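So this block is entry.cif, mmCIF, C-alpha atoms; chains and numbers go by the auth columns:
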data_work
#
loop_
_atom_site.group_PDB
_atom_site.id
_atom_site.type_symbol
_atom_site.label_atom_id
_atom_site.label_comp_id
_atom_site.label_asym_id
_atom_site.label_seq_id
_atom_site.Cartn_x
_atom_site.Cartn_y
_atom_site.Cartn_z
_atom_site.B_iso_or_equiv
_atom_site.auth_seq_id
_atom_site.auth_asym_id
ATOM 1 C CA PRO A 1 10.659 -38.783 -44.828 0.00 221 A
ATOM 2 C CA ASP A 2 10.671 -35.800 -47.201 0.00 222 A
ATOM 3 C CA LEU A 3 9.033 -33.420 -44.704 0.00 223 A
ATOM 4 C CA PRO A 4 12.333 -31.934 -43.414 0.00 224 A
ATOM 5 C CA LYS A 5 13.014 -30.776 -46.974 0.00 225 A
ATOM 6 C CA LEU A 6 10.204 -28.242 -46.508 0.00 226 A
ATOM 7 C CA LEU A 7 12.483 -26.402 -44.074 0.00 227 A
ATOM 8 C CA GLU A 8 15.610 -26.128 -46.225 0.00 228 A
ATOM 9 C CA GLY A 9 16.941 -22.576 -46.191 0.00 229 A
ATOM 10 C CA THR A 10 14.712 -21.439 -43.299 0.00 230 A
ATOM 11 C CA ASP A 11 17.065 -22.101 -40.316 0.00 231 A
ATOM 12 C CA LEU A 12 14.103 -23.768 -38.591 0.00 232 A
ATOM 13 C CA PRO A 13 14.566 -27.005 -36.581 0.00 233 A
ATOM 14 C CA THR A 14 12.596 -30.074 -37.613 0.00 234 A
ATOM 15 C CA SER A 15 10.764 -29.868 -34.275 0.00 235 A
ATOM 16 C CA VAL A 16 8.470 -27.256 -35.844 0.00 236 A
ATOM 17 C CA LEU A 17 6.873 -30.126 -37.776 0.00 237 A
ATOM 18 C CA LEU A 18 5.749 -31.874 -34.576 0.00 238 A
ATOM 19 C CA PRO A 19 2.178 -31.597 -33.252 0.00 239 A
ATOM 20 C CA GLY A 20 1.766 -28.849 -30.671 0.00 240 A
ATOM 21 C CA ASP A 21 4.750 -26.763 -31.779 0.00 241 A
ATOM 22 C CA GLU A 22 3.909 -23.044 -31.575 0.00 242 A
ATOM 23 C CA THR A 23 6.960 -21.522 -33.267 0.00 243 A
ATOM 24 C CA ARG A 24 6.107 -18.324 -35.130 0.00 244 A
ATOM 25 C CA LEU A 25 7.415 -18.116 -38.681 0.00 245 A
ATOM 26 C CA SER A 26 8.575 -14.964 -40.392 0.00 246 A
ATOM 27 C CA GLY A 27 7.154 -13.956 -43.755 0.00 247 A
ATOM 28 C CA PRO A 28 10.338 -14.973 -45.626 0.00 248 A
ATOM 29 C CA GLN A 29 10.323 -18.342 -43.853 0.00 249 A
ATOM 30 C CA GLN A 30 6.724 -18.964 -44.878 0.00 250 A
ATOM 31 C CA LEU A 31 7.513 -18.081 -48.479 0.00 251 A
ATOM 32 C CA ARG A 32 10.580 -20.350 -48.477 0.00 252 A
ATOM 33 C CA ILE A 33 8.495 -23.250 -47.170 0.00 253 A
ATOM 34 C CA MET A 34 5.996 -22.677 -49.987 0.00 254 A
ATOM 35 C CA HIS A 35 8.862 -22.607 -52.493 0.00 255 A
ATOM 36 C CA ASN A 36 10.231 -25.876 -51.080 0.00 256 A
ATOM 37 C CA ALA A 37 6.763 -27.433 -51.210 0.00 257 A
ATOM 38 C CA ARG A 38 6.547 -26.640 -54.906 0.00 258 A
ATOM 39 C CA LEU A 39 9.901 -28.356 -55.461 0.00 259 A
ATOM 40 C CA LEU A 40 8.663 -31.456 -53.639 0.00 260 A
ATOM 41 C CA ASP A 41 5.291 -31.433 -55.405 0.00 261 A
ATOM 42 C CA PRO A 42 5.465 -29.689 -58.800 0.00 262 A
ATOM 43 C CA ASP A 43 1.722 -30.105 -59.428 0.00 263 A
ATOM 44 C CA PRO A 44 0.633 -26.595 -60.516 0.00 264 A
ATOM 45 C CA GLU A 45 -2.638 -27.094 -58.612 0.00 265 A
ATOM 46 C CA LEU A 46 -0.791 -27.379 -55.285 0.00 266 A
ATOM 47 C CA GLY A 47 -2.129 -24.026 -54.029 0.00 267 A
ATOM 48 C CA LEU A 48 -5.693 -25.032 -54.871 0.00 268 A
ATOM 49 C CA ARG A 49 -5.294 -28.432 -53.220 0.00 269 A
ATOM 50 C CA LEU A 50 -3.885 -26.856 -50.086 0.00 270 A
ATOM 51 C CA GLY A 51 -6.512 -24.121 -49.960 0.00 271 A
ATOM 52 C CA SER A 52 -9.341 -26.631 -50.316 0.00 272 A
ATOM 53 C CA GLN A 53 -8.295 -28.154 -46.976 0.00 273 A
ATOM 54 C CA LEU A 54 -8.429 -24.856 -45.068 0.00 274 A
ATOM 55 C CA ASP A 55 -11.909 -25.118 -43.585 0.00 275 A
ATOM 56 C CA PRO A 56 -12.651 -22.787 -40.632 0.00 276 A
ATOM 57 C CA SER A 57 -11.899 -25.452 -38.027 0.00 277 A
ATOM 58 C CA ALA A 58 -8.291 -25.525 -39.262 0.00 278 A
ATOM 59 C CA HIS A 59 -7.741 -22.040 -37.834 0.00 279 A
ATOM 60 C CA GLY A 60 -8.262 -22.682 -34.140 0.00 280 A
ATOM 61 C CA PRO A 61 -9.834 -19.844 -32.114 0.00 281 A
ATOM 62 C CA ILE A 62 -10.407 -17.674 -35.224 0.00 282 A
ATOM 63 C CA GLY A 63 -12.365 -20.481 -36.832 0.00 283 A
ATOM 64 C CA TYR A 64 -14.462 -21.032 -33.715 0.00 284 A
ATOM 65 C CA LEU A 65 -15.114 -17.290 -33.467 0.00 285 A
ATOM 66 C CA ALA A 66 -16.245 -17.090 -37.075 0.00 286 A
ATOM 67 C CA GLN A 67 -18.395 -20.211 -36.911 0.00 287 A
ATOM 68 C CA SER A 68 -20.216 -18.997 -33.792 0.00 288 A
ATOM 69 C CA SER A 69 -20.805 -15.466 -35.154 0.00 289 A
ATOM 70 C CA PRO A 70 -24.427 -14.302 -35.472 0.00 290 A
ATOM 71 C CA ASP A 71 -24.188 -13.423 -39.171 0.00 291 A
ATOM 72 C CA LEU A 72 -21.892 -13.391 -42.178 0.00 292 A
ATOM 73 C CA ILE A 73 -20.466 -9.885 -41.822 0.00 293 A
ATOM 74 C CA THR A 74 -19.529 -10.549 -38.187 0.00 294 A
ATOM 75 C CA ALA A 75 -17.785 -13.776 -39.205 0.00 295 A
ATOM 76 C CA LEU A 76 -15.844 -11.955 -41.923 0.00 296 A
ATOM 77 C CA ARG A 77 -14.857 -9.204 -39.491 0.00 297 A
ATOM 78 C CA ALA A 78 -13.535 -11.850 -37.118 0.00 298 A
ATOM 79 C CA LEU A 79 -11.267 -13.149 -39.875 0.00 299 A
ATOM 80 C CA ARG A 80 -10.188 -9.613 -40.796 0.00 300 A
ATOM 81 C CA ASP A 81 -9.417 -8.539 -37.238 0.00 301 A
ATOM 82 C CA PHE A 82 -7.586 -11.636 -36.056 0.00 302 A
ATOM 83 C CA LEU A 83 -5.913 -12.890 -39.238 0.00 303 A
ATOM 84 C CA PRO A 84 -2.450 -11.885 -37.886 0.00 304 A
ATOM 85 C CA LEU A 85 -2.783 -14.774 -35.430 0.00 305 A
ATOM 86 C CA ARG A 86 -2.577 -17.181 -38.378 0.00 306 A
ATOM 87 C CA ILE A 87 -0.734 -15.404 -41.166 0.00 307 A
ATOM 88 C CA ALA A 88 0.494 -11.870 -40.632 0.00 308 A
ATOM 89 C CA ILE A 89 1.684 -11.472 -44.233 0.00 309 A
ATOM 90 C CA ALA A 90 -1.917 -11.391 -45.512 0.00 310 A
ATOM 91 C CA GLN A 91 -4.671 -8.847 -44.961 0.00 311 A
ATOM 92 C CA LEU A 92 -8.421 -8.915 -45.546 0.00 312 A
ATOM 93 C CA GLY A 93 -10.348 -5.765 -46.420 0.00 313 A
ATOM 94 C CA LEU A 94 -14.143 -5.479 -46.132 0.00 314 A
ATOM 95 C CA GLU A 95 -16.369 -2.877 -47.755 0.00 315 A
ATOM 96 C CA VAL A 96 -20.041 -2.697 -48.672 0.00 316 A
ATOM 97 C CA SER A 97 -20.169 -0.731 -51.926 0.00 317 A
ATOM 98 C CA GLY A 98 -23.354 -0.526 -53.970 0.00 318 A
ATOM 99 C CA PRO A 99 -24.603 -4.010 -54.756 0.00 319 A
ATOM 100 C CA TRP A 100 -21.425 -5.713 -53.513 0.00 320 A
ATOM 101 C CA LEU A 101 -19.791 -6.759 -50.285 0.00 321 A
ATOM 102 C CA ARG A 102 -16.124 -6.588 -51.292 0.00 322 A
ATOM 103 C CA CYS A 103 -13.622 -8.865 -49.574 0.00 323 A
ATOM 104 C CA THR A 104 -10.196 -7.758 -50.798 0.00 324 A
ATOM 105 C CA LEU A 105 -7.200 -10.059 -50.490 0.00 325 A
ATOM 106 C CA GLN A 106 -3.768 -8.521 -49.968 0.00 326 A
ATOM 107 C CA VAL A 107 -0.302 -10.018 -49.573 0.00 327 A
ATOM 108 C CA ARG A 108 1.710 -7.618 -47.448 0.00 328 A
ATOM 109 C CA LEU A 109 5.238 -8.426 -48.546 0.00 329 A
ATOM 110 C CA ALA A 110 7.076 -8.920 -51.812 0.00 330 A
ATOM 111 C CA ALA A 111 6.647 -12.502 -52.949 0.00 331 A
ATOM 112 C CA PRO A 112 7.709 -14.335 -56.121 0.00 332 A
ATOM 113 C CA GLY A 113 4.891 -14.838 -58.604 0.00 333 A
ATOM 114 C CA GLU A 114 4.316 -18.533 -57.932 0.00 334 A
ATOM 115 C CA GLU A 115 4.242 -18.175 -54.147 0.00 335 A
ATOM 116 C CA ARG A 116 2.047 -15.076 -54.374 0.00 336 A
ATOM 117 C CA ARG A 117 -0.458 -16.917 -56.536 0.00 337 A
ATOM 118 C CA MET A 118 -0.474 -19.846 -54.089 0.00 338 A
ATOM 119 C CA LEU A 119 -1.135 -17.490 -51.180 0.00 339 A
ATOM 120 C CA LEU A 120 -4.023 -15.811 -52.969 0.00 340 A
ATOM 121 C CA GLU A 121 -5.525 -19.150 -54.029 0.00 341 A
ATOM 122 C CA CYS A 122 -5.379 -20.420 -50.441 0.00 342 A
ATOM 123 C CA PHE A 123 -6.770 -17.152 -49.092 0.00 343 A
ATOM 124 C CA ALA A 124 -9.673 -17.168 -51.557 0.00 344 A
ATOM 125 C CA LEU A 125 -10.569 -20.792 -50.788 0.00 345 A
ATOM 126 C CA LEU A 126 -10.412 -20.064 -47.062 0.00 346 A
ATOM 127 C CA LEU A 127 -12.912 -17.247 -47.610 0.00 347 A
ATOM 128 C CA GLN A 128 -15.158 -19.521 -49.646 0.00 348 A
ATOM 129 C CA ALA A 129 -15.127 -22.156 -46.891 0.00 349 A
ATOM 130 C CA LEU A 130 -15.941 -19.558 -44.243 0.00 350 A
ATOM 131 C CA VAL A 131 -18.839 -18.052 -46.211 0.00 351 A
ATOM 132 C CA GLU A 132 -20.251 -21.470 -47.018 0.00 352 A
ATOM 133 C CA SER A 133 -20.042 -22.557 -43.367 0.00 353 A
ATOM 134 C CA VAL A 134 -22.219 -19.563 -42.430 0.00 354 A
ATOM 135 C CA LEU A 135 -24.659 -19.909 -45.329 0.00 355 A
ATOM 136 C CA GLY A 136 -24.869 -23.674 -44.986 0.00 356 A
ATOM 137 C CA LYS A 137 -24.652 -24.175 -48.756 0.00 357 A
ATOM 138 C CA PRO A 138 -22.205 -23.753 -51.663 0.00 358 A
ATOM 139 C CA LEU A 139 -21.409 -20.185 -52.645 0.00 359 A
ATOM 140 C CA ALA A 140 -22.744 -19.936 -56.200 0.00 360 A
ATOM 141 C CA ILE A 141 -23.702 -16.253 -56.350 0.00 361 A
ATOM 142 C CA GLY A 142 -20.363 -14.559 -55.727 0.00 362 A
ATOM 143 C CA ARG A 143 -17.404 -13.771 -57.971 0.00 363 A
ATOM 144 C CA PHE A 144 -13.693 -14.280 -57.408 0.00 364 A
ATOM 145 C CA GLU A 145 -11.308 -11.861 -59.079 0.00 365 A
ATOM 146 C CA PHE A 146 -7.531 -12.330 -59.157 0.00 366 A
ATOM 147 C CA GLU A 147 -4.760 -9.883 -59.943 0.00 367 A
ATOM 148 C CA PHE A 148 -2.628 -12.469 -61.740 0.00 368 A
ATOM 149 C CA SER A 149 -2.944 -13.662 -65.317 0.00 369 A
ATOM 150 C CA PRO A 150 -4.915 -16.840 -66.063 0.00 370 A
ATOM 151 C CA PRO A 151 -2.660 -19.774 -65.111 0.00 371 A
ATOM 152 C CA ALA A 152 -2.200 -22.672 -67.480 0.00 372 A
ATOM 153 C CA TYR A 153 -4.375 -24.825 -65.189 0.00 373 A
ATOM 154 C CA ARG A 154 -7.209 -22.288 -64.981 0.00 374 A
ATOM 155 C CA ARG A 155 -9.820 -24.876 -65.992 0.00 375 A
ATOM 156 C CA ALA A 156 -9.128 -26.629 -62.690 0.00 376 A
ATOM 157 C CA TYR A 157 -10.550 -23.630 -60.838 0.00 377 A
ATOM 158 C CA ARG A 158 -14.014 -24.986 -61.634 0.00 378 A
ATOM 159 C CA ASP A 159 -13.215 -27.983 -59.427 0.00 379 A
ATOM 160 C CA TYR A 160 -12.393 -25.799 -56.413 0.00 380 A
ATOM 161 C CA PHE A 161 -14.356 -22.546 -56.669 0.00 381 A
ATOM 162 C CA HIS A 162 -18.142 -22.629 -56.597 0.00 382 A
ATOM 163 C CA SER A 163 -18.536 -19.127 -58.068 0.00 383 A
ATOM 164 C CA PRO A 164 -17.164 -17.710 -61.347 0.00 384 A
ATOM 165 C CA THR A 165 -13.503 -16.640 -61.406 0.00 385 A
ATOM 166 C CA ARG A 166 -11.888 -13.773 -63.309 0.00 386 A
ATOM 167 C CA PHE A 167 -8.202 -12.989 -63.870 0.00 387 A
ATOM 168 C CA SER A 168 -5.947 -10.017 -64.702 0.00 388 A
ATOM 169 C CA ARG A 169 -7.980 -7.678 -62.466 0.00 389 A
ATOM 170 C CA GLU A 170 -6.738 -4.647 -60.549 0.00 390 A
ATOM 171 C CA GLN A 171 -6.903 -6.475 -57.231 0.00 391 A
ATOM 172 C CA SER A 172 -7.738 -9.869 -55.833 0.00 392 A
ATOM 173 C CA GLN A 173 -11.134 -9.989 -54.171 0.00 393 A
ATOM 174 C CA LEU A 174 -14.305 -11.915 -53.509 0.00 394 A
ATOM 175 C CA LEU A 175 -17.472 -10.059 -54.502 0.00 395 A
ATOM 176 C CA LEU A 176 -20.630 -11.048 -52.649 0.00 396 A
ATOM 177 C CA PRO A 177 -24.129 -9.615 -53.050 0.00 397 A
ATOM 178 C CA SER A 178 -24.401 -6.971 -50.329 0.00 398 A
ATOM 179 C CA GLY A 179 -27.642 -8.526 -49.113 0.00 399 A
ATOM 180 C CA LEU A 180 -25.669 -11.494 -47.793 0.00 400 A
ATOM 181 C CA ALA A 181 -23.902 -9.347 -45.184 0.00 401 A
ATOM 182 C CA GLY A 182 -26.714 -9.871 -42.689 0.00 402 A
ATOM 183 C CA ALA A 183 -27.287 -13.537 -43.534 0.00 403 A
ATOM 184 C CA ALA A 184 -27.907 -15.418 -40.291 0.00 404 A
ATOM 185 C CA ASN A 185 -25.426 -18.068 -39.227 0.00 405 A
ATOM 186 C CA ALA A 186 -27.087 -21.424 -38.682 0.00 406 A
ATOM 187 C CA THR A 187 -24.358 -22.385 -36.159 0.00 407 A
ATOM 188 C CA ALA A 188 -24.448 -19.096 -34.207 0.00 408 A
ATOM 189 C CA ASP A 189 -23.738 -19.488 -30.489 0.00 409 A
ATOM 190 C CA PRO A 190 -23.588 -16.274 -28.419 0.00 410 A
ATOM 191 C CA GLY A 191 -21.842 -17.943 -25.484 0.00 411 A
ATOM 192 C CA SER A 192 -19.142 -19.609 -27.554 0.00 412 A
ATOM 193 C CA HIS A 193 -18.739 -16.445 -29.627 0.00 413 A
ATOM 194 C CA GLY A 194 -17.969 -14.345 -26.558 0.00 414 A
ATOM 195 C CA LEU A 195 -15.467 -16.849 -25.193 0.00 415 A
ATOM 196 C CA ALA A 196 -13.742 -17.251 -28.560 0.00 416 A
ATOM 197 C CA ARG A 197 -13.490 -13.493 -29.038 0.00 417 A
ATOM 198 C CA ASP A 198 -11.957 -13.027 -25.571 0.00 418 A
ATOM 199 C CA LEU A 199 -9.377 -15.702 -26.382 0.00 419 A
ATOM 200 C CA CYS A 200 -8.556 -14.184 -29.780 0.00 420 A
ATOM 201 C CA GLU A 201 -8.076 -10.750 -28.202 0.00 421 A
ATOM 202 C CA GLN A 202 -5.732 -12.226 -25.585 0.00 422 A
ATOM 203 C CA LEU A 203 -3.682 -13.996 -28.253 0.00 423 A
ATOM 204 C CA LEU A 204 -3.543 -10.877 -30.422 0.00 424 A
ATOM 205 C CA ALA A 205 -2.211 -8.849 -27.474 0.00 425 A
ATOM 206 C CA GLN A 206 0.627 -11.391 -27.125 0.00 426 A
ATOM 207 C CA LEU A 207 1.587 -11.152 -30.789 0.00 427 A
ATOM 208 C CA PRO A 208 5.039 -9.625 -31.419 0.00 428 A
ATOM 209 C CA ALA A 209 4.901 -6.096 -32.835 0.00 429 A
ATOM 210 C CA ARG A 210 6.785 -7.293 -35.923 0.00 430 A
#
As structure tokens, the full file:
Amino acid sequence: PDLPKLLEGTDLPTSVLLPGDETRLSGPQQLRIMHNARLLDPDPELGLRLGSQLDPSAHGPIGYLAQSSPDLITALRALRDFLPLRIAIAQLGLEVSGPWLRCTLQVRLAAPGEERRMLLECFALLLQALVESVLGKPLAIGRFEFEFSPPAYRRAYRDYFHSPTRFSREQSQLLLPSGLAGAANATADPGSHGLARDLCEQLLAQLPAR
């Protein structure tokens, strides 16, 4: 019964909460929903709890594309290239630099501190789930770095992240050993990968310019 309260101040109808609704939300609407969620559930770990549920299958065609990719770097590129289909206010950067494969996390609009931290927590846990789905095991040899200061609940990060976490860094990113870029995907499927990529490209072409 409290679900409609998530939409207060967004001008969105409650029908967006129904299964199958495909309404696109603006960045400010997404941030307002996150703000309302925090009012409904003041648990400071809300972003971590939400992010822990974002396994690849929760992202429709992008998730299928990533899970059928031949190797890790191809799966990460799928997320980078088609992320606007899921959340256009975030951006993933990929770079192999020295010993590291850098996956940088960026929020592309001004967001209050609490909502920004929630977005980055969710984004980082989504990345962890994607990498682990390719590797077929927990990610214990990476490092998560966050641009925000250590939150009061920072000890809880150990319950959600399988690699060390660092705070107050210049940018938010996941650092992976560069040798993992070519790690084979145990669930690779060339046929499904081609179909999923075609679908993602069609959906991206339909995306509004703004």
Ground truth for the PyMOL selection byres ((chain A and resi 269) around 12), written as a list in words =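 Evaluating the PyMOL selection byres ((chain A and resi 269) around 12) on this file yields Asp261, Asp263, Pro264, Glu265, Leu266, Gly267, Leu268, Leu270, Gly271, Ser272, Gln273, Leu274, Met338, Leu339, Glu341, Cys342, Leu345, Leu346, Ala376, Tyr377, Asp379, Tyr380 and Phe381 of chain A.
A straight line drawn from atom CA of A:Leu260 to atom CA of A:Leu223 is 9.2 Å long.
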What are the closest atom pairs, with distances in Å to one decimal, for each residue of stretch 354-427 of chain A lying within 7 Å of stretch 294-317 of chain A, using all atoms listed in the file, rows by chain and rising residue number, as a tab-separated table?
residue	atom	partner	partner_atom	distance
A:Ser398	CA	A:Val316	CA	6.3
A:Cys420	CA	A:Phe302	CA	6.8
A:Leu424	CA	A:Leu305	CA	6.4
Find, counting all atoms listed in the file, the residue in A:Arg244, A:Phe387, A:Leu259, A:Leu350 that gets nearest to A:Ser277.
->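 Ranking A:Arg244, A:Phe387, A:Leu259, A:Leu350 by distance to A:Ser277, first place goes to A:Leu350.
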Would you be able to write out as number ranges by chain which residues have an atom within 9 Å of (-25.5, -12.8, -49.4) in the file's coordinates, counting all atoms listed in the file?
-> A: 292, 321, 355, 361-362, 396-403
Selecting N, CA, C and O atoms, how would stretch 249-267 of chain A from this structure be written as an mmCIF file, in the first residue's frame?
data_model
loop_
_atom_site.group_PDB
_atom_site.id
_atom_site.type_symbol
_atom_site.label_atom_id
_atom_site.label_comp_id
_atom_site.auth_asym_id
_atom_site.auth_seq_id
_atom_site.Cartn_x
_atom_site.Cartn_y
_atom_site.Cartn_z
ATOM 1 N N GLN A 249 13.232 12.393 -12.278
ATOM 2 C CA GLN A 249 12.209 11.493 -11.737
ATOM 3 C C GLN A 249 12.851 10.302 -11.043
ATOM 4 O O GLN A 249 12.402 9.887 -9.963
ATOM 5 N N GLN A 250 13.899 9.760 -11.639
ATOM 6 C CA GLN A 250 14.585 8.627 -11.005
ATOM 7 C C GLN A 250 15.177 9.032 -9.660
ATOM 8 O O GLN A 250 15.102 8.283 -8.680
ATOM 9 N N LEU A 251 15.778 10.210 -9.616
ATOM 10 C CA LEU A 251 16.367 10.676 -8.361
ATOM 11 C C LEU A 251 15.292 10.918 -7.312
ATOM 12 O O LEU A 251 15.496 10.627 -6.123
ATOM 13 N N ARG A 252 14.140 11.451 -7.722
ATOM 14 C CA ARG A 252 13.056 11.699 -6.765
ATOM 15 C C ARG A 252 12.522 10.384 -6.206
ATOM 16 O O ARG A 252 12.235 10.277 -5.012
ATOM 17 N N ILE A 253 12.418 9.367 -7.059
ATOM 18 C CA ILE A 253 11.965 8.060 -6.581
ATOM 19 C C ILE A 253 12.954 7.493 -5.565
ATOM 20 O O ILE A 253 12.558 6.921 -4.534
ATOM 21 N N MET A 254 14.244 7.662 -5.802
ATOM 22 C CA MET A 254 15.245 7.201 -4.845
ATOM 23 C C MET A 254 15.132 7.965 -3.536
ATOM 24 O O MET A 254 15.251 7.383 -2.447
ATOM 25 N N HIS A 255 14.887 9.276 -3.625
ATOM 26 C CA HIS A 255 14.698 10.086 -2.421
ATOM 27 C C HIS A 255 13.479 9.591 -1.642
ATOM 28 O O HIS A 255 13.531 9.429 -0.407
ATOM 29 N N ASN A 256 12.371 9.339 -2.355
ATOM 30 C CA ASN A 256 11.162 8.855 -1.690
ATOM 31 C C ASN A 256 11.385 7.479 -1.067
ATOM 32 O O ASN A 256 10.849 7.183 0.015
ATOM 33 N N ALA A 257 12.166 6.641 -1.738
ATOM 34 C CA ALA A 257 12.453 5.312 -1.193
ATOM 35 C C ALA A 257 13.195 5.422 0.136
ATOM 36 O O ALA A 257 12.931 4.664 1.075
ATOM 37 N N ARG A 258 14.111 6.379 0.212
ATOM 38 C CA ARG A 258 14.858 6.561 1.452
ATOM 39 C C ARG A 258 13.950 7.056 2.578
ATOM 40 O O ARG A 258 14.181 6.732 3.753
ATOM 41 N N LEU A 259 12.921 7.829 2.234
ATOM 42 C CA LEU A 259 11.972 8.271 3.255
ATOM 43 C C LEU A 259 11.130 7.095 3.753
ATOM 44 O O LEU A 259 10.808 7.022 4.941
ATOM 45 N N LEU A 260 10.780 6.193 2.845
ATOM 46 C CA LEU A 260 9.980 5.032 3.223
ATOM 47 C C LEU A 260 10.809 4.011 3.995
ATOM 48 O O LEU A 260 10.296 3.325 4.878
ATOM 49 N N ASP A 261 12.084 3.896 3.630
ATOM 50 C CA ASP A 261 12.965 2.911 4.260
ATOM 51 C C ASP A 261 14.276 3.610 4.616
ATOM 52 O O ASP A 261 15.193 3.683 3.807
ATOM 53 N N PRO A 262 14.376 4.152 5.824
ATOM 54 C CA PRO A 262 15.559 4.940 6.196
ATOM 55 C C PRO A 262 16.816 4.120 6.476
ATOM 56 O O PRO A 262 17.833 4.683 6.884
ATOM 57 N N ASP A 263 16.770 2.810 6.268
ATOM 58 C CA ASP A 263 17.960 1.984 6.468
ATOM 59 C C ASP A 263 19.094 2.530 5.604
ATOM 60 O O ASP A 263 18.968 2.598 4.379
ATOM 61 N N PRO A 264 20.222 2.927 6.174
ATOM 62 C CA PRO A 264 21.311 3.488 5.372
ATOM 63 C C PRO A 264 21.879 2.500 4.354
ATOM 64 O O PRO A 264 22.524 2.915 3.396
ATOM 65 N N GLU A 265 21.636 1.203 4.564
ATOM 66 C CA GLU A 265 22.141 0.195 3.629
ATOM 67 C C GLU A 265 21.189 -0.051 2.453
ATOM 68 O O GLU A 265 21.380 -0.992 1.685
ATOM 69 N N LEU A 266 20.195 0.814 2.273
ATOM 70 C CA LEU A 266 19.200 0.591 1.230
ATOM 71 C C LEU A 266 19.843 0.444 -0.143
ATOM 72 O O LEU A 266 19.465 -0.425 -0.928
ATOM 73 N N GLY A 267 20.816 1.302 -0.474
ATOM 74 C CA GLY A 267 21.479 1.210 -1.776
ATOM 75 C C GLY A 267 22.186 -0.109 -1.964
ATOM 76 O O GLY A 267 22.168 -0.694 -3.062
#
